[in-house]
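*Asks:* Enclosed is the structure file upload-v5.txt (compact mmCIF, C-alpha atoms and all ligand atoms).
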```txt
# COMPACT_ATOMS: atom_id res chain seq x y z
CA MET A 25 11.30 39.31 -23.99
CA LEU A 26 13.49 42.41 -24.19
CA VAL A 27 16.32 42.86 -26.70
CA VAL A 28 18.88 45.58 -25.92
CA GLY A 29 20.30 47.38 -28.96
CA SER A 30 19.32 49.07 -32.20
CA GLY A 31 21.23 47.48 -35.08
CA GLY A 32 20.72 44.87 -37.77
CA ARG A 33 21.85 42.20 -35.32
CA GLU A 34 19.10 43.17 -32.89
CA HIS A 35 16.51 43.27 -35.69
CA ALA A 36 17.51 39.70 -36.64
CA LEU A 37 17.31 38.61 -32.98
CA VAL A 38 13.92 40.26 -32.47
CA SER A 39 12.64 38.57 -35.65
CA VAL A 40 13.54 35.03 -34.55
CA ILE A 41 12.37 35.65 -30.98
CA ALA A 42 9.03 37.04 -32.17
CA ALA A 43 8.53 33.96 -34.36
CA SER A 44 9.00 31.59 -31.41
CA PRO A 45 5.88 29.95 -29.95
CA HIS A 46 7.47 30.60 -26.53
CA CYS A 47 7.34 34.37 -27.02
CA LEU A 48 4.20 36.30 -26.10
CA GLU A 49 5.57 39.80 -26.55
CA VAL A 50 8.88 41.24 -27.67
CA HIS A 51 10.33 44.62 -26.74
CA ALA A 52 13.52 46.40 -27.73
CA ALA A 53 15.50 49.26 -26.25
CA PRO A 54 16.13 51.45 -28.07
CA GLY A 55 15.25 49.44 -31.20
CA ASN A 56 14.76 50.92 -34.67
CA PRO A 57 11.95 51.40 -37.23
CA GLY A 58 12.37 47.83 -38.58
CA ILE A 59 12.17 46.36 -35.10
CA ALA A 60 9.11 48.53 -34.41
CA LEU A 61 7.21 46.52 -37.05
CA VAL A 62 7.71 43.33 -34.97
CA GLY A 63 7.92 44.54 -31.37
CA LYS A 64 7.58 47.56 -29.13
CA CYS A 65 10.53 49.98 -28.93
CA HIS A 66 11.49 52.00 -25.84
CA PRO A 67 13.79 55.03 -25.97
CA VAL A 68 16.45 53.81 -23.52
CA LYS A 69 20.09 54.04 -24.62
CA VAL A 70 22.23 50.89 -24.59
CA ASP A 71 24.74 52.38 -22.12
CA ASP A 72 22.04 53.63 -19.74
CA ILE A 73 22.41 50.67 -17.39
CA ASP A 74 19.99 51.99 -14.72
CA GLY A 75 17.45 52.77 -17.43
CA GLN A 76 17.69 49.30 -19.00
CA VAL A 77 17.30 47.55 -15.63
CA ALA A 78 14.33 49.76 -14.74
CA LEU A 79 12.70 49.02 -18.12
CA ALA A 80 13.15 45.25 -17.74
CA GLN A 81 11.57 45.45 -14.26
CA GLU A 82 8.72 47.64 -15.41
CA LEU A 83 7.90 45.31 -18.32
CA GLY A 84 8.29 42.20 -16.16
CA VAL A 85 10.14 40.42 -18.95
CA ASP A 86 11.15 36.74 -18.73
CA LEU A 87 14.42 37.26 -20.59
CA VAL A 88 16.71 40.11 -21.62
CA VAL A 89 18.98 39.50 -24.63
CA VAL A 90 21.85 41.99 -24.76
CA GLY A 91 23.08 42.77 -28.29
CA PRO A 92 26.12 45.08 -28.09
CA GLU A 93 29.32 44.73 -26.04
CA VAL A 94 29.30 48.13 -24.33
CA PRO A 95 26.46 47.43 -21.84
CA LEU A 96 27.99 43.99 -21.12
CA VAL A 97 31.37 45.50 -20.28
CA LEU A 98 29.50 48.05 -18.12
CA GLY A 99 27.90 45.21 -16.14
CA LEU A 100 24.31 45.21 -17.44
CA ALA A 101 24.07 41.40 -17.21
CA ASP A 102 25.29 41.46 -13.58
CA ARG A 103 22.78 44.14 -12.65
CA LEU A 104 19.91 42.23 -14.26
CA ARG A 105 20.90 38.96 -12.57
CA ASP A 106 21.11 40.78 -9.22
CA ALA A 107 17.57 42.02 -9.84
CA GLY A 108 16.41 38.44 -10.45
CA ILE A 109 15.90 38.88 -14.20
CA ALA A 110 17.09 36.16 -16.60
CA VAL A 111 19.62 37.52 -19.09
CA PHE A 112 21.38 36.21 -22.17
CA GLY A 113 24.80 37.84 -22.01
CA PRO A 114 27.97 37.51 -19.95
CA SER A 115 28.96 39.26 -16.72
CA ALA A 116 31.37 42.21 -16.83
CA ALA A 117 34.13 39.84 -15.64
CA ALA A 118 33.49 37.46 -18.55
CA ALA A 119 33.09 40.37 -20.99
CA GLN A 120 36.82 41.09 -20.43
CA VAL A 121 37.34 38.49 -23.14
CA GLU A 122 36.28 41.23 -25.55
CA GLY A 123 36.98 44.29 -23.41
CA SER A 124 40.72 43.70 -22.96
CA LYS A 125 42.96 42.21 -25.63
CA ALA A 126 45.84 41.79 -23.13
CA PHE A 127 43.60 39.75 -20.77
CA THR A 128 42.49 37.56 -23.68
CA LYS A 129 46.02 36.93 -24.98
CA GLU A 130 47.04 35.65 -21.56
CA LEU A 131 43.87 33.55 -21.35
CA LEU A 132 44.52 31.97 -24.77
CA GLU A 133 48.05 31.07 -23.78
CA ALA A 134 46.94 29.58 -20.46
CA ALA A 135 44.24 27.56 -22.26
CA GLY A 136 46.73 26.32 -24.88
CA VAL A 137 44.74 27.75 -27.81
CA ASP A 138 46.69 28.71 -30.94
CA THR A 139 46.91 32.46 -31.54
CA ALA A 140 49.39 35.05 -32.82
CA LYS A 141 52.50 35.57 -30.68
CA ALA A 142 52.00 38.86 -28.84
CA PHE A 143 53.45 41.37 -26.39
CA ALA A 144 51.52 43.71 -24.08
CA VAL A 145 53.31 47.07 -23.76
CA THR A 146 52.68 50.45 -22.12
CA THR A 147 55.64 52.56 -23.32
CA LEU A 148 57.15 53.42 -26.69
CA ALA A 149 60.45 51.79 -25.69
CA GLU A 150 58.66 48.51 -24.94
CA ALA A 151 56.71 48.87 -28.18
CA ARG A 152 59.95 49.25 -30.17
CA ASP A 153 61.37 46.09 -28.57
CA ALA A 154 58.20 44.14 -29.36
CA ILE A 155 58.13 45.38 -32.96
CA ALA A 156 61.79 44.43 -33.40
CA ALA A 157 61.19 40.99 -31.85
CA LEU A 158 58.43 40.39 -34.41
CA GLY A 159 60.62 41.50 -37.32
CA GLY A 160 58.80 44.77 -38.06
CA ARG A 161 55.82 43.36 -39.97
CA CYS A 162 53.18 43.13 -37.24
CA VAL A 163 49.79 44.25 -35.94
CA VAL A 164 49.44 47.03 -33.35
CA LYS A 165 46.26 46.97 -31.25
CA ALA A 166 44.76 49.19 -28.58
CA ASP A 167 43.99 47.04 -25.52
CA GLY A 168 40.51 48.43 -24.83
CA LEU A 169 37.28 48.78 -26.79
CA ALA A 170 37.73 51.07 -29.80
CA ALA A 171 34.71 50.33 -32.02
CA GLY A 172 36.84 48.61 -34.65
CA LYS A 173 39.36 51.45 -34.91
CA GLY A 174 42.01 50.03 -32.58
CA VAL A 175 43.76 47.59 -34.92
CA ILE A 176 46.53 48.75 -37.26
CA ILE A 177 48.01 46.23 -39.70
CA CYS A 178 51.63 47.26 -40.39
CA ASP A 179 54.00 46.27 -43.19
CA ASP A 180 57.21 47.37 -41.50
CA ALA A 181 58.78 48.67 -38.29
CA ALA A 182 58.44 52.36 -39.17
CA GLU A 183 54.70 52.03 -39.72
CA ALA A 184 54.29 49.99 -36.53
CA GLU A 185 56.26 52.48 -34.42
CA GLN A 186 54.15 55.33 -35.77
CA ALA A 187 50.95 53.43 -34.92
CA ALA A 188 52.21 52.64 -31.41
CA GLN A 189 53.23 56.25 -30.85
CA ASP A 190 49.82 57.57 -31.98
CA LEU A 191 47.89 55.15 -29.76
CA LEU A 192 50.11 55.73 -26.71
CA ALA A 193 49.73 59.49 -27.25
CA GLY A 194 45.98 59.04 -26.80
CA ALA A 195 44.62 58.85 -30.38
CA LEU A 196 41.88 56.53 -29.04
CA GLY A 197 41.82 57.78 -25.46
CA ASP A 198 42.18 55.28 -22.62
CA ALA A 199 41.69 52.30 -24.95
CA GLY A 200 45.33 52.79 -26.01
CA THR A 201 46.99 53.07 -22.58
CA THR A 202 48.09 49.45 -23.02
CA LEU A 203 48.91 48.08 -26.48
CA VAL A 204 49.06 44.54 -27.76
CA ILE A 205 51.66 44.11 -30.49
CA GLU A 206 51.39 40.84 -32.33
CA GLU A 207 52.61 38.65 -35.11
CA ARG A 208 50.85 39.33 -38.41
CA MET A 209 49.05 36.22 -39.66
CA GLU A 210 47.83 35.49 -43.20
CA GLY A 211 44.78 33.66 -44.48
CA PRO A 212 41.01 33.85 -44.90
CA GLU A 213 38.97 34.71 -41.83
CA LEU A 214 36.20 32.79 -40.18
CA SER A 215 33.71 33.61 -37.43
CA VAL A 216 32.47 30.79 -35.22
CA LEU A 217 29.77 31.82 -32.76
CA ALA A 218 28.57 29.50 -30.02
CA LEU A 219 25.87 29.74 -27.39
CA CYS A 220 27.69 29.04 -24.15
CA ASN A 221 27.04 28.55 -20.47
CA ALA A 222 29.68 27.39 -17.97
CA GLU A 223 31.28 24.41 -19.80
CA ALA A 224 28.50 23.82 -22.36
CA ALA A 225 28.63 25.13 -25.92
CA VAL A 226 26.27 24.89 -28.90
CA PRO A 227 27.76 26.11 -32.22
CA LEU A 228 25.88 28.36 -34.60
CA PRO A 229 26.52 27.94 -38.35
CA SER A 230 29.93 29.39 -39.35
CA ALA A 231 30.18 32.72 -41.17
CA ARG A 232 32.61 35.01 -42.90
CA ASP A 233 32.45 38.74 -42.37
CA TYR A 234 33.65 41.27 -44.97
CA LYS A 235 35.16 44.04 -42.87
CA ARG A 236 36.74 46.46 -45.32
CA ILE A 237 34.76 49.14 -47.14
CA GLY A 238 36.23 48.30 -50.56
CA GLU A 239 35.95 45.31 -52.86
CA GLY A 240 38.71 42.74 -52.60
CA GLY A 241 39.27 43.69 -48.96
CA THR A 242 40.64 47.18 -49.61
CA GLY A 243 40.25 50.48 -47.80
CA PRO A 244 39.49 51.17 -44.16
CA ASN A 245 37.88 48.75 -41.70
CA THR A 246 34.15 49.08 -41.09
CA GLY A 247 31.73 47.47 -38.67
CA GLY A 248 31.19 44.89 -41.45
CA MET A 249 29.91 45.31 -45.02
CA GLY A 250 28.39 41.87 -45.37
CA ALA A 251 28.59 38.21 -44.47
CA ILE A 252 28.12 34.71 -45.82
CA SER A 253 27.11 31.60 -43.90
CA PRO A 254 28.53 29.00 -43.94
CA ALA A 255 32.03 30.41 -44.43
CA PRO A 256 33.14 29.06 -47.84
CA GLY A 257 34.83 25.69 -47.48
CA VAL A 258 34.05 25.33 -43.77
CA SER A 259 31.90 22.29 -42.94
CA ASP A 260 29.68 21.94 -39.87
CA GLU A 261 32.19 19.34 -38.59
CA GLU A 262 34.99 21.90 -38.80
CA ALA A 263 32.91 24.48 -36.95
CA GLN A 264 32.23 21.89 -34.23
CA HIS A 265 35.95 21.07 -34.10
CA ILE A 266 36.71 24.77 -33.54
CA VAL A 267 34.19 24.92 -30.71
CA ASP A 268 35.87 21.87 -29.13
CA THR A 269 39.40 23.22 -29.48
CA VAL A 270 38.83 26.95 -28.97
CA HIS A 271 35.57 27.78 -27.17
CA LYS A 272 35.60 24.86 -24.73
CA PRO A 273 39.18 25.35 -23.48
CA ILE A 274 38.47 29.07 -23.01
CA LEU A 275 35.26 28.34 -21.06
CA ARG A 276 37.20 25.92 -18.83
CA GLU A 277 40.08 28.36 -18.31
CA LEU A 278 37.57 31.08 -17.31
CA LEU A 279 35.89 28.69 -14.86
CA LYS A 280 39.29 27.98 -13.27
CA ARG A 281 39.44 31.69 -12.57
CA GLY A 282 35.97 31.69 -11.05
CA ILE A 283 34.32 33.23 -14.12
CA SER A 284 31.36 31.41 -15.66
CA PHE A 285 30.63 32.64 -19.18
CA SER A 286 26.99 32.80 -20.22
CA GLY A 287 25.96 34.15 -23.62
CA CYS A 288 27.35 34.13 -27.14
CA LEU A 289 31.09 33.59 -27.42
CA TYR A 290 32.28 34.66 -30.87
CA ALA A 291 35.69 33.47 -32.01
CA GLY A 292 37.31 35.36 -34.89
CA LEU A 293 39.88 33.06 -36.50
CA MET A 294 42.32 33.07 -39.35
CA LEU A 295 42.68 29.90 -41.42
CA THR A 296 46.47 29.94 -41.72
CA ALA A 297 48.78 27.47 -43.45
CA THR A 298 49.28 25.80 -40.05
CA GLY A 299 45.58 25.60 -39.19
CA PRO A 300 42.97 27.86 -37.56
CA ARG A 301 44.42 30.45 -35.18
CA VAL A 302 42.46 32.87 -33.00
CA LEU A 303 42.40 36.60 -33.87
CA GLU A 304 39.98 37.78 -31.21
CA PHE A 305 36.87 37.05 -29.22
CA ASN A 306 33.64 38.95 -28.95
CA VAL A 307 31.21 38.28 -26.12
CA ARG A 308 28.07 38.82 -28.16
CA PHE A 309 26.54 37.98 -31.50
CA GLY A 310 28.48 39.40 -34.48
CA ASP A 311 27.07 42.07 -36.72
CA PRO A 312 26.50 41.39 -39.67
CA GLU A 313 27.15 37.65 -39.08
CA THR A 314 23.93 37.34 -37.06
CA GLU A 315 21.86 38.62 -39.97
CA ALA A 316 23.29 35.80 -42.16
CA VAL A 317 23.33 33.06 -39.51
CA LEU A 318 19.93 33.35 -37.80
CA PRO A 319 17.86 33.04 -41.02
CA ARG A 320 19.56 29.65 -41.53
CA LEU A 321 18.34 28.15 -38.25
CA GLY A 322 15.95 25.26 -38.73
CA GLU A 323 14.75 25.27 -35.14
CA ASP A 324 13.66 27.71 -32.47
CA LEU A 325 16.57 29.67 -30.97
CA LEU A 326 14.64 30.95 -27.95
CA PRO A 327 14.78 27.76 -25.81
CA PHE A 328 18.58 27.80 -26.25
CA LEU A 329 18.80 31.46 -25.20
CA LEU A 330 16.66 30.68 -22.15
CA ALA A 331 18.80 27.63 -21.32
CA CYS A 332 21.93 29.81 -21.34
CA ALA A 333 20.24 32.38 -19.15
CA ASN A 334 18.92 29.79 -16.71
CA GLY A 335 22.15 27.77 -16.58
CA THR A 336 20.67 24.60 -18.07
CA LEU A 337 22.38 24.61 -21.48
CA GLN A 338 23.90 21.30 -22.57
CA ASP A 339 26.30 20.52 -25.40
CA GLY A 340 24.45 19.96 -28.62
CA THR A 341 23.74 21.26 -32.07
CA LEU A 342 21.14 23.45 -33.71
CA ARG A 343 19.38 22.21 -36.84
CA THR A 344 20.16 24.38 -39.84
CA ILE A 345 18.43 24.90 -43.15
CA PRO A 346 20.64 23.39 -45.89
CA GLY A 347 22.21 25.84 -48.33
CA ALA A 348 23.66 29.24 -47.55
CA ALA A 349 22.75 32.81 -46.72
CA VAL A 350 24.39 36.04 -47.88
CA THR A 351 23.95 39.44 -46.19
CA VAL A 352 24.76 42.65 -48.07
CA VAL A 353 25.08 45.82 -46.00
CA LEU A 354 23.87 49.10 -47.50
CA ALA A 355 25.84 51.99 -46.03
CA SER A 356 25.44 55.74 -46.25
CA ARG A 357 27.71 58.20 -48.06
CA GLY A 358 30.99 58.85 -46.27
CA TYR A 359 30.96 55.63 -44.23
CA PRO A 360 33.14 54.58 -42.37
CA ALA A 361 34.76 58.00 -41.84
CA SER A 362 31.38 59.71 -41.45
CA SER A 363 27.74 59.05 -42.23
CA GLU A 364 24.68 60.89 -43.54
CA SER A 365 21.35 61.10 -41.80
CA GLY A 366 17.91 62.08 -42.99
CA THR A 367 18.23 60.80 -46.59
CA PRO A 368 14.96 59.18 -47.81
CA ILE A 369 15.11 55.41 -48.48
CA SER A 370 12.91 53.62 -51.03
CA GLY A 371 12.20 49.98 -51.88
CA VAL A 372 12.60 48.32 -48.47
CA ALA A 373 9.12 46.76 -48.41
CA GLU A 374 9.46 45.56 -52.04
CA ALA A 375 12.83 43.94 -51.33
CA GLY A 376 11.51 42.26 -48.17
CA ARG A 377 8.60 40.68 -50.05
CA GLN A 378 10.91 38.46 -52.13
CA ARG A 379 11.01 34.80 -51.19
CA ASP A 380 13.69 33.87 -48.61
CA VAL A 381 14.76 37.50 -48.25
CA ALA A 382 14.84 39.58 -45.07
CA VAL A 383 15.76 43.25 -44.82
CA PHE A 384 17.14 44.14 -41.39
CA HIS A 385 17.27 47.76 -40.29
CA ALA A 386 20.47 49.13 -38.75
CA GLY A 387 20.80 52.91 -39.06
CA THR A 388 17.31 54.01 -40.05
CA ALA A 389 14.78 56.47 -38.63
CA ILE A 390 11.37 57.85 -39.48
CA GLY A 391 11.63 61.47 -40.61
CA GLY A 392 8.84 63.52 -42.17
CA GLY A 393 6.64 60.44 -42.22
CA GLN A 394 9.05 58.29 -44.22
CA LEU A 395 12.01 55.96 -43.76
CA VAL A 396 15.34 57.85 -43.78
CA THR A 397 18.98 57.04 -43.10
CA ALA A 398 20.30 57.53 -39.56
CA GLY A 399 23.84 56.21 -39.44
CA GLY A 400 26.69 54.52 -41.29
CA ARG A 401 25.33 51.03 -41.80
CA VAL A 402 21.73 51.62 -42.86
CA LEU A 403 20.28 48.23 -43.83
CA ALA A 404 21.37 44.59 -44.04
CA VAL A 405 19.76 42.58 -46.84
CA THR A 406 19.86 38.79 -46.39
CA ALA A 407 18.86 36.10 -48.86
CA ARG A 408 18.96 32.34 -48.51
CA GLY A 409 19.80 30.10 -51.44
CA ALA A 410 20.57 26.51 -52.33
CA ASP A 411 24.26 27.39 -52.17
CA GLY A 412 26.48 30.44 -51.69
CA ASP A 413 26.20 31.53 -55.34
CA ALA A 414 22.40 31.31 -55.38
CA ALA A 415 22.18 33.22 -52.08
CA LYS A 416 24.52 35.86 -53.43
CA VAL A 417 22.47 36.40 -56.59
CA ALA A 418 19.25 36.63 -54.56
CA ALA A 419 20.76 39.05 -52.01
CA TYR A 420 22.00 41.41 -54.73
CA GLU A 421 18.65 41.21 -56.57
CA ALA A 422 16.88 42.25 -53.38
CA ALA A 423 19.44 44.97 -52.59
CA ALA A 424 18.93 46.40 -56.10
CA GLN A 425 15.31 47.23 -55.20
CA ILE A 426 16.47 49.57 -52.45
CA ALA A 427 17.79 53.06 -53.14
CA PHE A 428 18.91 56.15 -51.26
CA ASP A 429 21.19 59.00 -52.23
CA GLY A 430 24.83 58.11 -51.56
CA MET A 431 24.14 54.39 -50.95
CA GLN A 432 27.34 52.30 -50.80
CA LEU A 433 27.62 48.53 -51.04
CA ARG A 434 30.33 46.00 -51.81
CA ALA A 435 29.64 43.95 -54.94
CA ASP A 436 31.75 40.98 -53.82
CA ILE A 437 30.04 39.84 -50.61
CA GLY A 438 29.90 36.05 -50.55
CA SER A 439 32.78 35.59 -52.97
CA ASP A 440 36.23 34.27 -52.08
CA SER A 441 37.78 37.73 -52.21
CA GLN A 442 39.44 39.08 -49.10
CA GLY A 443 37.19 40.31 -46.32
P1 LIG B 501 40.40 42.30 -34.17
O1 LIG B 501 39.56 43.47 -33.71
O2 LIG B 501 41.46 41.89 -33.23
O3 LIG B 501 39.60 41.18 -34.72
O4 LIG B 501 41.12 42.82 -35.50
C1 LIG B 501 40.36 43.32 -36.59
C2 LIG B 501 40.88 42.74 -37.89
O5 LIG B 501 42.28 43.00 -38.02
C3 LIG B 501 40.78 41.22 -37.96
O6 LIG B 501 39.53 40.80 -38.39
C4 LIG B 501 41.85 40.91 -38.98
O7 LIG B 501 41.39 41.19 -40.29
C5 LIG B 501 42.92 41.91 -38.64
N1 LIG B 501 43.90 41.32 -37.70
C6 LIG B 501 43.86 41.36 -36.35
N2 LIG B 501 44.90 40.69 -35.80
C7 LIG B 501 45.63 40.22 -36.83
C8 LIG B 501 46.83 39.45 -36.94
N3 LIG B 501 47.51 39.06 -35.85
N4 LIG B 501 47.29 39.14 -38.16
C9 LIG B 501 46.63 39.57 -39.26
N5 LIG B 501 45.50 40.29 -39.25
C10 LIG B 501 44.99 40.63 -38.05
N1 LIG B 502 31.39 41.39 -37.44
C1 LIG B 502 32.32 41.78 -36.47
C2 LIG B 502 31.75 42.09 -35.16
O1 LIG B 502 30.59 41.89 -34.89
O2 LIG B 502 32.51 42.52 -34.32
```
Please re-express this file's structure in structure tokens.
*Replies:*
Amino acid sequence: MLVVGSGGREHALVSVIAASPHCLEVHAAPGNPGIALVGKCHPVKVDDIDGQVALAQELGVDLVVVGPEVPLVLGLADRLRDAGIAVFGPSAAAAQVEGSKAFTKELLEAAGVDTAKAFAVTTLAEARDAIAALGGRCVVKADGLAAGKGVIICDDAAEAEQAAQDLLAGALGDAGTTLVIEERMEGPELSVLALCNAEAAVPLPSARDYKRIGEGGTGPNTGGMGAISPAPGVSDEEAQHIVDTVHKPILRELLKRGISFSGCLYAGLMLTATGPRVLEFNVRFGDPETEAVLPRLGEDLLPFLLACANGTLQDGTLRTIPGAAVTVVLASRGYPASSESGTPISGVAEAGRQRDVAVFHAGTAIGGGQLVTAGGRVLAVTARGADGDAAKVAAYEAAAQIAFDGMQLRADIGSDSQG
């Protein structure tokens, strides 16, 4: 098995794959020091498509699981399938569901799935009309991939026009050539991930991601500062209902267009006063949701990944361990604006020895013979508990064992506060 990527999500994936009786050997590219304790890491970058295909061929792997979106949008899954290698991850055509917000808005409308009213625009004049049509208070988004920086939540027309002007002027490069300007929705957020192939979908336990750097959902957006699974107040039945009313119609609409989705389809939703409405899709496992969700699985994930890759997946459910899991991300000084590298980290092994705790590496490296920071999100500490509160207490107890200079964490992961 080969897992492509180097974050906490990939560490969680490698951990469950390595524990499967169906797995003889697990590799990662490029991986990280935590992954290196479970599998073999190879120094191939995630966007080096030729290099990843060559590595998979050289290793003779039975399955490649692609973690991040960038190689998917670049067509890694297509290239692997062409080479006769089974892959968990969608084609470049299907990855448009994450790669282009304008494409996805149109798809949602065609599939009849509830989402924010939106306009796709390419000029400032069109942007002004869209902002006016939405009453000023709206959300301005870059169409393309922008690593979480392409969404600006605006309180009024002046702010929205400024955001549109900056993006159209190239603040995020080509990602902002087309903008999506949409209605601003209110409510708690929910992530529902499902393993999908063609028309079949198997839900994973629901999760909530805490995206802002500051407690109470304040400050700039990050890649995610923590997660809880299940999302508070969301039952397994509700998660299944979302898969039936969101994922399935999208899979069918894609098939109508000759696109068969295979991989993890992640729906980001807002629980509004009128019901769940879609914010966005990702075409991969979420990070840090994966670190909270996978430790809750009560059965082997690998046969499901293989079924997706081989086209034999059927509708069904995955057994889960009752209770909840909370993941607290430990980030380096300056994150999300910048990050620090090379700072020594202590306590990781001690934290990981606690019962029902796992410490996943994200931005770590080995420097001078010891574990050091190497990025913004450094570690993701997950604990399971009988309920959300117990998991939260256990996750913070474990996180308290870990220290590095400049370490940042949110103290309210798992609570009802805003994400
Ligand atoms: P996206 O990358 O589209 O998920 O947007 C990132 C974050 O921006 C979401 O998780 C929400 O917190 C927020 N957001 C995006 N679209 C909207 C919207 N239409 N209304 C309110 N908040 C939004
Ligand atoms: N947790 C958000 C993401 O994976 O995009």
*Asks:* Can you pull out every residue with an atom within 6 Å of ligand LIG 502 (chain B)? Use all atoms listed in the file and format it as a PyMOL selection string.
*Replies:* chain A and resi 233+248+310-313
*Asks:* In Å, how far is it from CA of Thr146 in chain A to CA of Asp190 in chain A?
*Replies:*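 Between CA of Thr146 in chain A and CA of Asp190 in chain A the gap works out to 12.5 Å.
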*Asks:* Please check which protein, DNA or RNA residues sit within 10 Å of ligand LIG 501 (chain B), counting only C-alpha atoms and all ligand atoms, and write them as a ChimeraX atom specification.
*Replies:* /A:122,125,139-142,161-167,169-178,204-215,233-236,241,245-248,291-294,296,301-306,442-443
*Asks:* Can you write out the residues you just picked, keeping C-alpha atoms, as a PDB file, in the frame of the given file?
*Replies:*
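This went into part16.pdb:
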```pdb
ATOM      1  CA  GLU A 122      36.280  41.230 -25.550  1.00  0.00           C
ATOM      2  CA  LYS A 125      42.960  42.210 -25.630  1.00  0.00           C
ATOM      3  CA  THR A 139      46.910  32.460 -31.540  1.00  0.00           C
ATOM      4  CA  ALA A 140      49.390  35.050 -32.820  1.00  0.00           C
ATOM      5  CA  LYS A 141      52.500  35.570 -30.680  1.00  0.00           C
ATOM      6  CA  ALA A 142      52.000  38.860 -28.840  1.00  0.00           C
ATOM      7  CA  ARG A 161      55.820  43.360 -39.970  1.00  0.00           C
ATOM      8  CA  CYS A 162      53.180  43.130 -37.240  1.00  0.00           C
ATOM      9  CA  VAL A 163      49.790  44.250 -35.940  1.00  0.00           C
ATOM     10  CA  VAL A 164      49.440  47.030 -33.350  1.00  0.00           C
ATOM     11  CA  LYS A 165      46.260  46.970 -31.250  1.00  0.00           C
ATOM     12  CA  ALA A 166      44.760  49.190 -28.580  1.00  0.00           C
ATOM     13  CA  ASP A 167      43.990  47.040 -25.520  1.00  0.00           C
ATOM     14  CA  LEU A 169      37.280  48.780 -26.790  1.00  0.00           C
ATOM     15  CA  ALA A 170      37.730  51.070 -29.800  1.00  0.00           C
ATOM     16  CA  ALA A 171      34.710  50.330 -32.020  1.00  0.00           C
ATOM     17  CA  GLY A 172      36.840  48.610 -34.650  1.00  0.00           C
ATOM     18  CA  LYS A 173      39.360  51.450 -34.910  1.00  0.00           C
ATOM     19  CA  GLY A 174      42.010  50.030 -32.580  1.00  0.00           C
ATOM     20  CA  VAL A 175      43.760  47.590 -34.920  1.00  0.00           C
ATOM     21  CA  ILE A 176      46.530  48.750 -37.260  1.00  0.00           C
ATOM     22  CA  ILE A 177      48.010  46.230 -39.700  1.00  0.00           C
ATOM     23  CA  CYS A 178      51.630  47.260 -40.390  1.00  0.00           C
ATOM     24  CA  VAL A 204      49.060  44.540 -27.760  1.00  0.00           C
ATOM     25  CA  ILE A 205      51.660  44.110 -30.490  1.00  0.00           C
ATOM     26  CA  GLU A 206      51.390  40.840 -32.330  1.00  0.00           C
ATOM     27  CA  GLU A 207      52.610  38.650 -35.110  1.00  0.00           C
ATOM     28  CA  ARG A 208      50.850  39.330 -38.410  1.00  0.00           C
ATOM     29  CA  MET A 209      49.050  36.220 -39.660  1.00  0.00           C
ATOM     30  CA  GLU A 210      47.830  35.490 -43.200  1.00  0.00           C
ATOM     31  CA  GLY A 211      44.780  33.660 -44.480  1.00  0.00           C
ATOM     32  CA  PRO A 212      41.010  33.850 -44.900  1.00  0.00           C
ATOM     33  CA  GLU A 213      38.970  34.710 -41.830  1.00  0.00           C
ATOM     34  CA  LEU A 214      36.200  32.790 -40.180  1.00  0.00           C
ATOM     35  CA  SER A 215      33.710  33.610 -37.430  1.00  0.00           C
ATOM     36  CA  ASP A 233      32.450  38.740 -42.370  1.00  0.00           C
ATOM     37  CA  TYR A 234      33.650  41.270 -44.970  1.00  0.00           C
ATOM     38  CA  LYS A 235      35.160  44.040 -42.870  1.00  0.00           C
ATOM     39  CA  ARG A 236      36.740  46.460 -45.320  1.00  0.00           C
ATOM     40  CA  GLY A 241      39.270  43.690 -48.960  1.00  0.00           C
ATOM     41  CA  ASN A 245      37.880  48.750 -41.700  1.00  0.00           C
ATOM     42  CA  THR A 246      34.150  49.080 -41.090  1.00  0.00           C
ATOM     43  CA  GLY A 247      31.730  47.470 -38.670  1.00  0.00           C
ATOM     44  CA  GLY A 248      31.190  44.890 -41.450  1.00  0.00           C
ATOM     45  CA  ALA A 291      35.690  33.470 -32.010  1.00  0.00           C
ATOM     46  CA  GLY A 292      37.310  35.360 -34.890  1.00  0.00           C
ATOM     47  CA  LEU A 293      39.880  33.060 -36.500  1.00  0.00           C
ATOM     48  CA  MET A 294      42.320  33.070 -39.350  1.00  0.00           C
ATOM     49  CA  THR A 296      46.470  29.940 -41.720  1.00  0.00           C
ATOM     50  CA  ARG A 301      44.420  30.450 -35.180  1.00  0.00           C
ATOM     51  CA  VAL A 302      42.460  32.870 -33.000  1.00  0.00           C
ATOM     52  CA  LEU A 303      42.400  36.600 -33.870  1.00  0.00           C
ATOM     53  CA  GLU A 304      39.980  37.780 -31.210  1.00  0.00           C
ATOM     54  CA  PHE A 305      36.870  37.050 -29.220  1.00  0.00           C
ATOM     55  CA  ASN A 306      33.640  38.950 -28.950  1.00  0.00           C
ATOM     56  CA  GLN A 442      39.440  39.080 -49.100  1.00  0.00           C
ATOM     57  CA  GLY A 443      37.190  40.310 -46.320  1.00  0.00           C
TER      58      GLY A 443
END
```
*Asks:* Name all residues at most 9 Å from Ala435 in chain A (count all atoms listed in the file; drop same-chain ones fewer than 6 positions away) and give them as JSON, numbers by chain.
*Replies:* {"A": [239, 352, 420]}
*Asks:* Considering all atoms listed in the file, state which residue in the set A:Ala404, A:Ala184, A:Leu330, A:Met431 is at the smallest distance from Glu364 in chain A.
*Replies:*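 Between A:Ala404, A:Ala184, A:Leu330, A:Met431, the residue approaching Glu364 in chain A most closely is A:Met431.
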*Asks:* Find, counting all atoms listed in the file, the residue in A:Arg377, A:Arg434, A:Arg103, A:Arg33 that gets nearest to Gly238 in chain A.
*Replies:* A:Arg434
